[in-house]
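Here is the file final.cif (mmCIF, C-alpha atoms).
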data_structure
loop_
_atom_site.label_atom_id
_atom_site.label_comp_id
_atom_site.auth_asym_id
_atom_site.auth_seq_id
_atom_site.Cartn_x
_atom_site.Cartn_y
_atom_site.Cartn_z
CA MET F 638 32.73 12.52 -15.02
CA ALA F 639 32.79 8.76 -14.39
CA HIS F 640 35.57 9.32 -11.84
CA LEU F 641 33.37 11.79 -9.96
CA PHE F 642 30.53 9.24 -9.82
CA SER F 643 32.95 6.56 -8.59
CA PHE F 644 34.26 8.91 -5.91
CA LEU F 645 30.75 9.87 -4.76
CA ARG F 646 29.60 6.25 -4.75
CA GLY F 647 32.65 5.37 -2.63
CA LEU F 648 31.83 8.17 -0.22
CA PHE F 649 28.05 7.69 0.02
CA GLY F 650 27.63 4.13 -1.27
CA PRO F 651 27.43 2.45 2.13
CA VAL F 652 24.59 4.78 3.10
CA ILE F 653 22.53 4.91 -0.11
CA GLY F 654 24.10 2.24 -2.30
CA ARG F 655 22.29 -0.53 -4.09
CA PRO F 656 23.77 -3.94 -4.71
CA PRO F 657 25.56 -4.28 -8.04
CA ARG F 658 23.61 -5.35 -11.13
CA PHE F 659 24.33 -8.87 -12.36
CA GLN F 660 25.79 -9.81 -15.75
CA VAL F 661 27.28 -12.95 -17.28
CA ALA F 662 30.37 -13.25 -19.49
CA ALA F 663 31.78 -15.97 -21.70
CA LEU F 664 35.51 -16.52 -21.49
CA CYS F 665 35.84 -18.25 -24.85
CA HIS F 666 39.01 -20.30 -25.18
CA ARG F 667 40.81 -22.74 -27.46
CA GLU F 668 44.15 -24.53 -27.73
CA LYS F 669 46.38 -23.59 -30.64
CA ASP F 670 49.87 -25.01 -31.11
CA GLY F 671 49.79 -26.21 -27.49
CA HIS F 672 48.91 -22.80 -26.05
CA MET F 673 45.68 -21.45 -24.63
CA GLN F 674 44.07 -18.56 -26.48
CA ILE F 675 41.26 -16.28 -25.32
CA LEU F 676 38.74 -14.63 -27.64
CA LEU F 677 38.27 -10.91 -27.05
CA ILE F 678 35.75 -8.71 -28.82
CA THR F 679 35.31 -4.97 -29.02
CA SER F 680 32.53 -3.16 -27.20
CA ARG F 681 29.98 -1.46 -29.43
CA ASP F 682 30.22 1.94 -27.77
CA THR F 683 33.92 2.60 -27.11
CA GLY F 684 35.68 -0.14 -29.09
CA ARG F 685 37.62 -1.32 -26.02
CA TRP F 686 38.48 -5.04 -25.72
CA ILE F 687 36.06 -7.10 -23.60
CA LEU F 688 34.67 -10.60 -23.13
CA PRO F 689 31.26 -11.34 -24.68
CA LYS F 690 28.83 -10.45 -21.88
CA GLY F 691 25.36 -9.26 -21.09
CA TRP F 692 22.33 -9.40 -18.84
CA PRO F 693 20.82 -12.75 -17.85
CA ILE F 694 18.29 -14.07 -20.38
CA ALA F 695 14.83 -15.17 -19.25
CA GLY F 696 14.46 -18.94 -19.49
CA LYS F 697 18.22 -19.61 -19.41
CA ASP F 698 20.55 -20.24 -16.50
CA ALA F 699 23.65 -18.06 -16.11
CA GLY F 700 25.87 -20.40 -18.16
CA GLY F 701 23.25 -20.63 -20.91
CA SER F 702 22.99 -16.85 -20.98
CA ALA F 703 26.78 -16.60 -21.35
CA LEU F 704 26.64 -19.05 -24.30
CA GLN F 705 23.93 -16.95 -25.96
CA GLU F 706 26.01 -13.77 -25.55
CA ALA F 707 29.05 -15.57 -27.03
CA TRP F 708 26.99 -16.50 -30.09
CA GLU F 709 25.34 -13.11 -30.62
CA GLU F 710 28.44 -10.98 -30.01
CA ALA F 711 31.24 -13.22 -31.35
CA GLY F 712 29.75 -16.03 -33.44
CA VAL F 713 31.05 -18.69 -31.06
CA ARG F 714 30.13 -22.30 -31.73
CA PRO F 715 30.99 -24.05 -28.45
CA THR F 716 32.10 -27.62 -27.90
CA PRO F 717 29.48 -29.89 -26.28
CA ASP F 718 31.08 -29.24 -22.86
CA ALA F 719 28.91 -27.24 -20.47
CA PRO F 720 30.16 -23.76 -19.52
CA VAL F 721 32.17 -23.81 -16.27
CA GLU F 722 32.05 -20.93 -13.80
CA LEU F 723 35.54 -19.46 -13.36
CA GLY F 724 34.99 -16.46 -11.16
CA ARG F 725 33.68 -12.95 -11.34
CA TYR F 726 34.78 -9.39 -11.89
CA PHE F 727 33.34 -5.98 -11.11
CA TYR F 728 33.10 -2.86 -13.23
CA ASP F 729 31.00 0.26 -13.70
CA LYS F 730 28.70 0.04 -16.73
CA ILE F 731 27.93 3.45 -18.18
CA MET F 732 24.20 3.53 -18.90
CA ASP F 733 22.31 5.81 -21.27
CA GLY F 734 22.66 9.33 -19.95
CA GLY F 735 26.21 8.67 -18.66
CA VAL F 736 25.27 7.32 -15.23
CA PRO F 737 27.65 4.56 -14.05
CA VAL F 738 26.03 1.47 -12.54
CA PRO F 739 28.14 -1.04 -10.59
CA CYS F 740 27.99 -4.53 -12.13
CA GLU F 741 29.10 -7.92 -10.86
CA THR F 742 29.90 -10.16 -13.83
CA LYS F 743 30.04 -13.93 -13.43
CA VAL F 744 32.51 -15.47 -15.89
CA PHE F 745 32.00 -18.86 -17.55
CA ALA F 746 34.67 -20.78 -19.45
CA VAL F 747 33.38 -21.72 -22.90
CA ALA F 748 35.47 -24.10 -25.01
CA VAL F 749 35.22 -23.01 -28.65
CA SER F 750 34.76 -25.51 -31.44
CA ASP F 751 34.53 -22.97 -34.26
CA LEU F 752 33.67 -19.35 -35.08
CA ALA F 753 30.85 -18.54 -37.48
CA ASP F 754 31.54 -16.10 -40.31
CA ASP F 755 28.06 -14.61 -39.91
CA PHE F 756 26.48 -13.83 -36.53
CA PRO F 757 24.02 -11.23 -35.17
CA GLU F 758 26.53 -8.50 -34.14
CA LYS F 759 29.18 -9.12 -36.82
CA SER F 760 29.00 -5.59 -38.23
CA GLN F 761 29.26 -4.02 -34.76
CA ARG F 762 32.34 -5.77 -33.32
CA ARG F 763 35.82 -7.04 -34.03
CA ARG F 764 37.19 -10.24 -32.51
CA LYS F 765 40.72 -11.38 -31.77
CA TRP F 766 42.41 -14.51 -30.37
CA VAL F 767 45.17 -13.67 -27.84
CA SER F 768 47.09 -15.31 -25.01
CA PRO F 769 45.66 -14.95 -21.47
CA MET F 770 48.47 -12.52 -20.58
CA ASP F 771 47.87 -10.40 -23.67
CA ALA F 772 44.12 -10.46 -22.90
CA ALA F 773 44.87 -9.23 -19.36
CA ASP F 774 46.88 -6.33 -20.82
CA MET F 775 44.10 -5.44 -23.29
CA VAL F 776 41.06 -5.25 -20.98
CA ASN F 777 40.38 -2.30 -18.67
CA GLU F 778 38.78 -3.86 -15.59
CA PRO F 779 41.35 -4.61 -12.83
CA SER F 780 39.50 -7.65 -11.44
CA LEU F 781 39.11 -9.10 -14.97
CA LYS F 782 42.83 -8.54 -15.57
CA ALA F 783 43.57 -10.58 -12.43
CA LEU F 784 41.21 -13.38 -13.49
CA LEU F 785 42.88 -13.58 -16.92
CA ARG F 786 46.38 -13.64 -15.43
CA ASP F 787 45.37 -16.55 -13.16
CA LEU F 788 43.86 -18.60 -16.02
CA PRO F 789 46.84 -20.81 -16.86
CA ALA F 790 47.09 -21.93 -13.22
CA GLN F 791 43.31 -22.52 -12.99
CA PHE F 792 43.28 -24.65 -16.12
CA ALA F 793 46.37 -26.60 -15.01
CA ALA F 794 44.71 -27.56 -11.71
#

Can the structure in the file be given as structure tokens, please?
Amino acid sequence: MAHLFSFLRGLFGPVIGRPPRFQVAALCHREKDGHMQILLITSRDTGRWILPKGWPIAGKDAGGSALQEAWEEAGVRPTPDAPVELGRYFYDKIMDGGVPVPCETKVFAVAVSDLADDFPEKSQRRRKWVSPMDAADMVNEPSLKALLRDLPAQFAA
């Protein structure tokens, strides 16, 4: 069904389309044994691997909203460094009722100091540290896969 909506949006989108909805994501990272690791979490609905993400939060800028999502969804305690915008990716969010809505997601790098054992969505998600390449293989969104594959080069620059 989602493929049908994507096809129809591709066909009629330029005529009746709306701009994509905006979300923010936290690309939580750490160094371990000299290698970068990325924190992935599972989505609540399908259990697929994703970055902590959500809608912008009133009273917070985009980076602050990404930090809040990282805390609520993954228990991330960041370093004092401010989140850094890395890029963006696009995907179709399936809303209640099964209707896909195009979303543009701005991604912020968040250096992780520690992970809390208890956090708001602990019982609803799993979390896992993986390499950027493994993370790229685990997520579904093509433009997020590309962003994750380019990470080592971005961080080296």

message: Counting only C-alpha atoms, which residue out of F:Pro757, F:Gly712, F:Gly734, F:Gly724 sits closest to Leu781 (chain F)?
response: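 Nearest to Leu781 (chain F): F:Gly724.
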
message: Ranking F:Ser780, F:Thr683, F:Leu785, F:Leu664 by minimum distance to Ile731 (chain F) and counting only C-alpha atoms, which one comes first?
response: F:Thr683

message: I'd like the residues picked by the PyMOL selection byres ((chain F and resi 656-662) around 9) written out as a ChimeraX atom specification, using the chain letters and numbers from the file.
response: /F:654-655,663-664,688-693,699-700,702-704,706-707,725,727,738-746

Keeping only C-alpha atoms, write the selected residues as an mmCIF file, in the frame of the given file.
data_model
loop_
_atom_site.group_PDB
_atom_site.id
_atom_site.type_symbol
_atom_site.label_atom_id
_atom_site.label_comp_id
_atom_site.auth_asym_id
_atom_site.auth_seq_id
_atom_site.Cartn_x
_atom_site.Cartn_y
_atom_site.Cartn_z
ATOM 1 C CA GLY F 654 24.100 2.240 -2.300
ATOM 2 C CA ARG F 655 22.290 -0.530 -4.090
ATOM 3 C CA ALA F 663 31.780 -15.970 -21.700
ATOM 4 C CA LEU F 664 35.510 -16.520 -21.490
ATOM 5 C CA LEU F 688 34.670 -10.600 -23.130
ATOM 6 C CA PRO F 689 31.260 -11.340 -24.680
ATOM 7 C CA LYS F 690 28.830 -10.450 -21.880
ATOM 8 C CA GLY F 691 25.360 -9.260 -21.090
ATOM 9 C CA TRP F 692 22.330 -9.400 -18.840
ATOM 10 C CA PRO F 693 20.820 -12.750 -17.850
ATOM 11 C CA ALA F 699 23.650 -18.060 -16.110
ATOM 12 C CA GLY F 700 25.870 -20.400 -18.160
ATOM 13 C CA SER F 702 22.990 -16.850 -20.980
ATOM 14 C CA ALA F 703 26.780 -16.600 -21.350
ATOM 15 C CA LEU F 704 26.640 -19.050 -24.300
ATOM 16 C CA GLU F 706 26.010 -13.770 -25.550
ATOM 17 C CA ALA F 707 29.050 -15.570 -27.030
ATOM 18 C CA ARG F 725 33.680 -12.950 -11.340
ATOM 19 C CA PHE F 727 33.340 -5.980 -11.110
ATOM 20 C CA VAL F 738 26.030 1.470 -12.540
ATOM 21 C CA PRO F 739 28.140 -1.040 -10.590
ATOM 22 C CA CYS F 740 27.990 -4.530 -12.130
ATOM 23 C CA GLU F 741 29.100 -7.920 -10.860
ATOM 24 C CA THR F 742 29.900 -10.160 -13.830
ATOM 25 C CA LYS F 743 30.040 -13.930 -13.430
ATOM 26 C CA VAL F 744 32.510 -15.470 -15.890
ATOM 27 C CA PHE F 745 32.000 -18.860 -17.550
ATOM 28 C CA ALA F 746 34.670 -20.780 -19.450
#

d(CA of Pro717 (chain F), CA of Gly701 (chain F)) in Å: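 If I compute the distance from CA of Pro717 (chain F) to CA of Gly701 (chain F), I get 12.4 Å.
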
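A straight line drawn from CA of Arg667 (chain F) to CA of Asp774 (chain F) is 18.7 Å long.
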
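Atom pair CA of Trp766 (chain F) / CA of Glu709 (chain F): separated by 17.1 Å.
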
message: Could you tell me, as a PyMOL selection string, exactly which residues end up selected when the PyMOL selection byres ((chain F and resi 756) around 8) is applied to this structure?
response: chain F and resi 708-712+753-755+757-759

task: Determine the residue membership of the PyMOL selection byres ((chain F and resi 763) around 7) for the file above and supply it as a ChimeraX atom specification.
output: /F:678-679,762,764-765

task: Would you mind telling me which residue in F:Gln705, F:Thr716, F:Asn777, F:Ser680 lies nearest to Ser750 (chain F) when using only C-alpha atoms?
output: F:Thr716

Sorted by chain and rising residue number, list the residues of region 741-774 of chain F at most 12 Å from region 670-673 of chain F (counting only C-alpha atoms), each with its closest atom pair and distance in Å to one decimal, as JSON lines.
{"residue": "F:Ala748", "atom": "CA", "partner": "F:Met673", "partner_atom": "CA", "distance": 10.6}
{"residue": "F:Val749", "atom": "CA", "partner": "F:Met673", "partner_atom": "CA", "distance": 11.3}
{"residue": "F:Trp766", "atom": "CA", "partner": "F:Met673", "partner_atom": "CA", "distance": 9.6}
{"residue": "F:Val767", "atom": "CA", "partner": "F:Met673", "partner_atom": "CA", "distance": 8.4}
{"residue": "F:Ser768", "atom": "CA", "partner": "F:Met673", "partner_atom": "CA", "distance": 6.3}
{"residue": "F:Pro769", "atom": "CA", "partner": "F:Met673", "partner_atom": "CA", "distance": 7.2}
{"residue": "F:Met770", "atom": "CA", "partner": "F:Met673", "partner_atom": "CA", "distance": 10.2}
{"residue": "F:Asp771", "atom": "CA", "partner": "F:Met673", "partner_atom": "CA", "distance": 11.3}
{"residue": "F:Ala772", "atom": "CA", "partner": "F:Met673", "partner_atom": "CA", "distance": 11.2}

- prompt: Restricting the calculation to only C-alpha atoms, which member of F:Leu723, F:Val736, F:Ile687, F:Leu677 is positioned closest to Ala790 (chain F)?
  reply: F:Leu723

Quick one: what's the axis-aligned box for region 762-775 of chain F, all listed atoms, 4 Å on every side, centre and edges in Å to one decimal, as lines of an AutoDock Vina configuration file?
center_x = 40.4
center_y = -10.4
center_z = -26.7
size_x = 24.1
size_y = 17.9
size_z = 22.7
